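Visitor: Mind looking over this structure? Questions follow.
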Amino acid sequence: MNGTYETRKSVGAKVAFLGLFVAAILAARLIVALRSAVVLSEPIALTHAGLSVSMPDGNGWRSAKRWEYKENSLVLGSIFAPGSGRPIGSARCRYVFAAETTTPQVRFEQERLEVGGKIVKTDLTQIGAIAVDWVHIQERSVSFNMFFGTAELPYNRQIEIEVWESTGNVDSAERVFRRITESLGLTDSPLLDAGSQVIAEMKGKGLDSFLDNQNRQTLFLIKDVREQALGFTADVLIDSGKATPLNIEAAGLYYIGGFYAREQMMSFESDNRFDRFSWKSETVAASRRGTKISLDETGTLTITKFGEQLQENRYRRSPVAIPGTLLEQLLRQMLDSNKKEIIVDLIEPGGRIIPTYISGIETEDIAPQEEVWRMVKLTPLDGRGFFQWVYLDDQKQISKILVREEEIYIYERADAEEAARLFPERAEYILQSDKLERYLRERK
């Protein structure tokens with residue numbers, strides 16, 4: 001009996017020793033891999049932004065080498081995971097086109113709290129015109145190291161670079177961070193310049209110059225590719241004439257009928273230059289949720305989301321940012337300015353801020369059978385592949401929109417009587433625009 005026990009004990013000890021030996025070999029291989037030369041990818045350009053960066057890709061590093069949209073930013077990543085084990089290192093670049101109203105020191109503290117470590121070192125690295133403030137954060141166990149850098153870019157954008165490793169090899173993490181930082185490339189962005197110019201010209205004219213018809217209601221039927229009416233949008237945008245700073249007022253109703261009815265109400269108040277505005281939206285479907293977007297006199301854009309939880313974020317206003325409710329006025333000014341291509345940051349009612357490439361196309365080159373003045377294509381630069389074709393009539397007013405998302409939808413200008421006949425449950429708000437405004441005020 002004792003002999004059997006001793007034999008099992010001996011076998012167990014050998015297995016444990018073998019496990020330690022294998023673990024030591026794997027650890028040694030990881031350390032060798034970490035200390036190997038950092039191989040970077042070719043520069044990965046961000047479309048139309050004038051920005052490029054190279055990421056680790058090789059010697060244990062793997063990168064998808066493409067930018068992905070995430071929370072008002074575009075992210076480029078790479079992970080270090082030799083073999084089939086879990087990642088022991090990671091690198092990330094984040095292009096933030098809605099920069100928060102914080103300083104580098106505040107961002108450093110946010111990252112420190114998230115990691116639960118201490119700041120070991122801060123420094124500044126100059127790469128051409130880009131000044132990168134960075135910090136080294138170390139976890140208390142000294143087995144985790146992070147290098148995090150942030151830099152301001154034109155048009156209130158930011159670039160953030162983050163590298164971490166979990167083996168205690170601080171030199172390798174710093175080497176990767178420096179190589180990525182040194183690869184940053186920044187050139188002019190003519191399309192952002194053009195977008196900024198168009199918006200500045202809109203401000204110079206004032207929104208009231210675009211509102212030649214007081215109390216004008218714009219109504220579109222929403223159809224699918226089979227021409228079946230799914231719902232409608234109704235919008236009113238006016239110069240109230242009130243002796244108040246926020247003299248521009250708008251109201252909107254987005255309605256999808258049927259068994260799973262969905263309704264979104266919007267109200268908008270702004271000064272004539274939209275340097276200050278308040279934009280509220282509330283969606284009613286299975287549950288009720290809402291968003292308030294406001295811009296104050298300091299240039300702070302605050303986005304507050306209501307629902308099960310309250311979420312609030314503050315951003316610095318960009319000179320290329322504009323509320324989506326002013327899309328028609330933006331397109332009119334773009335055409336008046338004779339700009340064929342621009343990029344602007346469209347603020348959506350739900351609070352997302354999306355850089356959008358807008359290109360004007362001569363009608364006769366695309367669809368001569370359409371009785372419109374021009375067609376304009378809107379392409380959100382968020383990597384999803386969605387787009388909109390916007391048709392404008394000879395008054396430079398939107399007559400039709402073709403939206404390509406998961407499915408194709410057509411927004412077609414319609415008269416109030418037709419929309420009321422198709423959706424009688426909302427007829428009184430369709431036929432009388434003043435009731436639409438009053439309805440939305442009651443639902444705030």
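FYI, nothing fancy with the structure tokens labels: chains A, B, ... in order, residues from 1 per chain, ligands from 1 as they appear.
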Quick one: DSSP alpha helix (DSSP H) residues in segment 185-278 of chain A, as a list of chain:residue names?

Guide: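 For segment 185-278 of chain A, the alpha helix (DSSP H) set is A:Pro190, A:Leu191, A:Leu192, A:Asp193, A:Ala194, A:Gly195, A:Ser196, A:Gln197, A:Val198, A:Ile199, A:Ala200, A:Glu201, A:Met202, A:Lys203, A:Gly204, A:Lys205.
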
Visitor: As a compact mmCIF listing (two decimals) with N, CA and C atoms, in the first residue's frame, please: the residues near Cys93 of chain A (cut-off 7 Å, only C-alpha atoms, same-chain neighbours under 3 positions excluded).

Guide:
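Okay, this is what ended up in selection-v7.txt:
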```
# COMPACT_ATOMS: atom_id res chain seq x y z
N VAL A 75 -10.91 53.38 -34.38
CA VAL A 75 -9.90 52.66 -33.61
C VAL A 75 -9.15 51.69 -34.51
N LEU A 76 -7.83 51.62 -34.29
CA LEU A 76 -6.96 50.71 -35.01
C LEU A 76 -6.19 49.91 -33.97
N GLY A 77 -6.23 48.57 -34.04
CA GLY A 77 -5.65 47.76 -32.97
C GLY A 77 -4.67 46.71 -33.44
N ILE A 159 -5.51 62.27 -31.37
CA ILE A 159 -5.03 60.91 -31.58
C ILE A 159 -4.54 60.38 -30.23
N GLU A 160 -4.96 59.18 -29.88
CA GLU A 160 -4.51 58.54 -28.65
C GLU A 160 -3.82 57.23 -28.99
N ILE A 161 -2.68 56.99 -28.33
CA ILE A 161 -1.91 55.76 -28.55
C ILE A 161 -1.76 55.06 -27.21
N GLU A 162 -2.08 53.77 -27.19
CA GLU A 162 -2.02 52.99 -25.95
C GLU A 162 -1.31 51.67 -26.21
```

Visitor: Which residues are close to segment 285-300 of chain A, i.e. within 10 Å by only C-alpha atoms, leaving aside same-chain residues fewer than 5 positions away? Reply as a PyMOL selection string.

Guide: chain A and resi 100-101+256+260-270+274-280+305-319+323+347-351+444

Visitor: Got time to write the residues from that selection, C-alpha atoms, as a short mmCIF file (atom, residue, chain, number, x, y, z; two decimals), in the first residue's frame?

Guide:
```
data_model
loop_
_atom_site.label_atom_id
_atom_site.label_comp_id
_atom_site.auth_asym_id
_atom_site.auth_seq_id
_atom_site.Cartn_x
_atom_site.Cartn_y
_atom_site.Cartn_z
CA GLU A 100 -13.73 65.54 -24.79
CA THR A 101 -13.20 68.75 -22.85
CA ILE A 256 -43.00 54.03 -38.54
CA TYR A 260 -44.13 47.37 -34.03
CA ALA A 261 -44.82 51.10 -34.28
CA ARG A 262 -41.88 53.40 -33.63
CA GLU A 263 -42.01 57.13 -33.10
CA GLN A 264 -39.32 59.73 -32.57
CA MET A 265 -40.12 63.33 -31.63
CA MET A 266 -37.58 66.12 -31.96
CA SER A 267 -37.40 69.80 -31.04
CA PHE A 268 -34.60 72.23 -31.88
CA GLU A 269 -33.81 75.79 -30.79
CA SER A 270 -30.81 77.74 -32.04
CA PHE A 274 -26.01 77.94 -34.52
CA ASP A 275 -23.23 78.88 -32.08
CA ARG A 276 -25.73 77.99 -29.37
CA PHE A 277 -28.47 75.40 -29.67
CA SER A 278 -30.54 72.86 -27.79
CA TRP A 279 -31.74 69.73 -29.57
CA LYS A 280 -33.97 67.17 -27.90
CA LYS A 305 -28.78 60.29 -22.91
CA PHE A 306 -31.86 59.33 -20.91
CA GLY A 307 -33.14 55.81 -20.38
CA GLU A 308 -32.54 53.18 -17.76
CA GLN A 309 -29.36 55.09 -16.90
CA LEU A 310 -28.29 58.70 -17.30
CA GLN A 311 -25.17 59.20 -19.41
CA GLU A 312 -23.53 62.56 -20.09
CA ASN A 313 -20.47 63.43 -22.17
CA ARG A 314 -18.92 66.80 -23.01
CA TYR A 315 -16.97 67.57 -26.15
CA ARG A 316 -15.15 70.52 -27.66
CA ARG A 317 -17.04 71.98 -30.61
CA SER A 318 -15.39 71.31 -33.95
CA PRO A 319 -15.65 73.93 -36.72
CA PRO A 323 -26.62 69.17 -36.36
CA ILE A 347 -24.44 65.16 -35.27
CA GLU A 348 -27.26 62.62 -35.21
CA PRO A 349 -30.39 62.97 -33.03
CA GLY A 350 -29.26 60.01 -30.91
CA GLY A 351 -25.95 61.69 -30.05
CA LYS A 444 -41.03 66.88 -23.83
#
```

Visitor: Can you build me a table of segment 288-336 of chain A residues sitting at most 12 Å from segment 189-209 of chain A, with the closest atom pair per residue and its distance in Å to one decimal, using only C-alpha atoms, sorted by chain and residue number, as CSV?

Guide:
```
residue,atom,partner,partner_atom,distance
A:Ser318,CA,A:Ser196,CA,9.0
A:Pro319,CA,A:Ser196,CA,5.7
A:Val320,CA,A:Ser196,CA,4.9
A:Ala321,CA,A:Ile199,CA,8.3
A:Ile322,CA,A:Ile199,CA,7.9
A:Pro323,CA,A:Ile199,CA,11.2
A:Leu326,CA,A:Leu207,CA,9.0
A:Leu327,CA,A:Ile199,CA,11.1
A:Glu328,CA,A:Leu207,CA,11.2
A:Gln329,CA,A:Leu207,CA,7.9
A:Leu330,CA,A:Ile199,CA,7.2
A:Leu331,CA,A:Val198,CA,9.2
A:Arg332,CA,A:Met202,CA,9.4
A:Gln333,CA,A:Val198,CA,6.4
A:Met334,CA,A:Val198,CA,5.9
A:Leu335,CA,A:Val198,CA,9.3
A:Asp336,CA,A:Val198,CA,9.1
```

Visitor: I'd like the interatomic distance between atom CA of Arg107 of chain A and atom CA of Ile119 of chain A, to a tenth of an Å.

Guide: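 Atom CA of Arg107 of chain A sits 12.0 Å away from atom CA of Ile119 of chain A.
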
Visitor: Using DSSP on the backbone, list every residue of segment 316-393 of chain A that comes out as strand (DSSP E or B), and give them as a PyMOL selection string.

Guide: chain A and resi 316+321-323+341-347+353-362+374-380+387-392

Visitor: Take the residues from that selection and write them out as a CSV table (one decimal), in the first residue's frame, keeping N, CA and C atoms.

Guide:
```
chain,number,residue,atom,x,y,z
A,316,ARG,N,-15.5,69.2,-27.1
A,316,ARG,CA,-15.2,70.5,-27.7
A,316,ARG,C,-15.8,70.6,-29.0
A,321,ALA,N,-18.5,70.6,-37.3
A,321,ALA,CA,-19.6,69.9,-36.7
A,321,ALA,C,-20.9,70.6,-37.0
A,322,ILE,N,-22.0,69.9,-37.3
A,322,ILE,CA,-23.3,70.6,-37.6
A,322,ILE,C,-24.4,69.6,-37.3
A,323,PRO,N,-25.5,70.1,-36.6
A,323,PRO,CA,-26.6,69.2,-36.4
A,323,PRO,C,-27.2,68.7,-37.7
A,341,GLU,N,-16.9,68.6,-53.1
A,341,GLU,CA,-16.6,67.6,-52.1
A,341,GLU,C,-16.3,68.3,-50.7
A,342,ILE,N,-16.9,67.8,-49.7
A,342,ILE,CA,-16.5,68.3,-48.3
A,342,ILE,C,-16.6,67.2,-47.3
A,343,ILE,N,-16.1,67.4,-46.2
A,343,ILE,CA,-16.3,66.5,-45.0
A,343,ILE,C,-16.7,67.3,-43.8
A,344,VAL,N,-17.8,66.9,-43.2
A,344,VAL,CA,-18.3,67.5,-42.0
A,344,VAL,C,-18.6,66.4,-41.0
A,345,ASP,N,-18.7,66.9,-39.7
A,345,ASP,CA,-19.2,65.9,-38.7
A,345,ASP,C,-20.6,66.1,-38.4
A,346,LEU,N,-21.5,65.2,-38.9
A,346,LEU,CA,-22.9,65.3,-38.7
A,346,LEU,C,-23.3,64.8,-37.4
A,347,ILE,N,-24.0,65.6,-36.6
A,347,ILE,CA,-24.4,65.2,-35.3
A,347,ILE,C,-25.8,64.6,-35.5
A,353,ILE,N,-21.7,61.2,-33.4
A,353,ILE,CA,-21.1,62.3,-34.2
A,353,ILE,C,-20.3,61.5,-35.3
A,354,ILE,N,-20.7,61.7,-36.6
A,354,ILE,CA,-20.1,60.9,-37.6
A,354,ILE,C,-19.5,61.7,-38.7
A,355,PRO,N,-18.1,61.6,-38.9
A,355,PRO,CA,-17.5,62.3,-40.1
A,355,PRO,C,-18.2,61.8,-41.3
A,356,THR,N,-18.6,62.7,-42.2
A,356,THR,CA,-19.4,62.3,-43.4
A,356,THR,C,-18.8,63.0,-44.6
A,357,TYR,N,-18.5,62.2,-45.6
A,357,TYR,CA,-18.0,62.6,-46.9
A,357,TYR,C,-19.2,63.0,-47.8
A,358,ILE,N,-19.3,64.2,-48.2
A,358,ILE,CA,-20.4,64.6,-49.1
A,358,ILE,C,-19.8,65.0,-50.4
A,359,SER,N,-20.4,64.4,-51.5
A,359,SER,CA,-19.9,64.7,-52.8
A,359,SER,C,-21.1,65.1,-53.7
A,360,GLY,N,-21.0,66.2,-54.4
A,360,GLY,CA,-22.1,66.6,-55.3
A,360,GLY,C,-21.8,66.1,-56.7
A,361,ILE,N,-22.9,65.6,-57.3
A,361,ILE,CA,-22.8,65.0,-58.7
A,361,ILE,C,-23.8,65.7,-59.6
A,362,GLU,N,-23.3,66.1,-60.8
A,362,GLU,CA,-24.2,66.7,-61.8
A,362,GLU,C,-25.3,65.7,-62.2
A,374,ARG,N,-29.6,68.6,-58.8
A,374,ARG,CA,-28.4,67.8,-58.6
A,374,ARG,C,-28.6,66.6,-57.7
A,375,MET,N,-27.7,65.7,-57.6
A,375,MET,CA,-27.7,64.6,-56.7
A,375,MET,C,-26.5,64.8,-55.8
A,376,VAL,N,-26.6,64.4,-54.5
A,376,VAL,CA,-25.5,64.5,-53.6
A,376,VAL,C,-25.4,63.2,-52.9
A,377,LYS,N,-24.2,62.7,-52.7
A,377,LYS,CA,-24.0,61.4,-52.0
A,377,LYS,C,-23.4,61.7,-50.6
A,378,LEU,N,-24.0,61.1,-49.6
A,378,LEU,CA,-23.4,61.3,-48.2
A,378,LEU,C,-22.9,59.9,-47.8
A,379,THR,N,-21.6,59.8,-47.5
A,379,THR,CA,-21.0,58.6,-47.1
A,379,THR,C,-20.4,58.7,-45.7
A,380,PRO,N,-21.1,58.2,-44.6
A,380,PRO,CA,-20.5,58.2,-43.3
A,380,PRO,C,-19.2,57.4,-43.2
A,387,PHE,N,-24.7,54.6,-47.0
A,387,PHE,CA,-24.7,55.9,-47.7
A,387,PHE,C,-26.1,56.4,-48.0
A,388,GLN,N,-26.2,57.6,-48.4
A,388,GLN,CA,-27.4,58.2,-48.8
A,388,GLN,C,-27.2,58.9,-50.2
A,389,TRP,N,-28.2,58.8,-51.0
A,389,TRP,CA,-28.3,59.6,-52.2
A,389,TRP,C,-29.4,60.7,-51.9
A,390,VAL,N,-29.0,61.9,-52.1
A,390,VAL,CA,-30.0,63.0,-51.8
A,390,VAL,C,-30.2,63.7,-53.1
A,391,TYR,N,-31.5,63.8,-53.5
A,391,TYR,CA,-31.9,64.5,-54.7
A,391,TYR,C,-32.4,65.9,-54.4
A,392,LEU,N,-32.0,66.9,-55.1
A,392,LEU,CA,-32.4,68.3,-54.9
A,392,LEU,C,-33.1,68.8,-56.1
```

Visitor: Please provide the set of residues having any atom within 9 Å of segment 228-233 of chain A, restricted to only C-alpha atoms, with same-chain residues fewer than 2 positions apart removed, written as an NGL selection string.

Guide: :A and (218-226 or 235 or 252-258 or 411 or 419 or 422-423)

Visitor: Please identify all polymer residues within 7 Å of Ile430 of chain A, counting only C-alpha atoms, omitting same-chain residues fewer than 5 positions from it, and present them as a list in words.

Guide: Ala234, Ala416 and Ala420 of chain A

Visitor: Could those residues be written to a file, using N, CA and C atoms, as a PDB file, in the first residue's frame?

Guide:
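Contents of again-v8.pdb, freshly written:
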```pdb
ATOM      1  N   ALA A 234     -42.041  64.341 -40.683  1.00  0.00           N
ATOM      2  CA  ALA A 234     -42.612  65.681 -40.834  1.00  0.00           C
ATOM      3  C   ALA A 234     -41.737  66.647 -40.041  1.00  0.00           C
ATOM      4  N   ALA A 416     -49.359  66.590 -47.637  1.00  0.00           N
ATOM      5  CA  ALA A 416     -49.909  66.225 -46.333  1.00  0.00           C
ATOM      6  C   ALA A 416     -51.141  65.341 -46.455  1.00  0.00           C
ATOM      7  N   ALA A 420     -51.613  61.773 -44.607  1.00  0.00           N
ATOM      8  CA  ALA A 420     -52.703  61.627 -43.638  1.00  0.00           C
ATOM      9  C   ALA A 420     -53.617  60.460 -44.000  1.00  0.00           C
TER      10      ALA A 420
END
```

Visitor: May I ask for the distance between atom CA of Asp171 of chain A and atom CA of Gly116 of chain A, given in Å to one decimal place?

Guide: 20.5 Å

Visitor: May I ask for the distance between atom CA of Pro87 of chain A and atom CA of Glu114 of chain A, given in Å to one decimal place?

Guide: 18.6 Å

Visitor: Go through A:Ala64, A:Val115, A:Leu301, A:Leu402 one by one, measure the shortest atom-to-atom distance of each to Phe144 of chain A using only C-alpha atoms, and give the residue with the smallest value.

Guide: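 Result for the nearest residue to Phe144 of chain A: A:Val115.
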
Visitor: May I have the residues within 7 Å of Ser90 of chain A as a list of chain:residue names, using only C-alpha atoms and disregarding those fewer than 2 positions away in the same chain?

Guide: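 Near neighbours after the sequence-gap exclusion: A:Ser78, A:Ile79, A:Phe80, A:Arg92, A:Val163, A:Trp164, A:Glu165.
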
Visitor: Which residues, written as a ChimeraX atom specification, have at least one atom at most 9 Å from Asn72 of chain A, with only C-alpha atoms counted and residues fewer than 6 positions away on the same chain left out?

Guide: /A:95-99,352-354
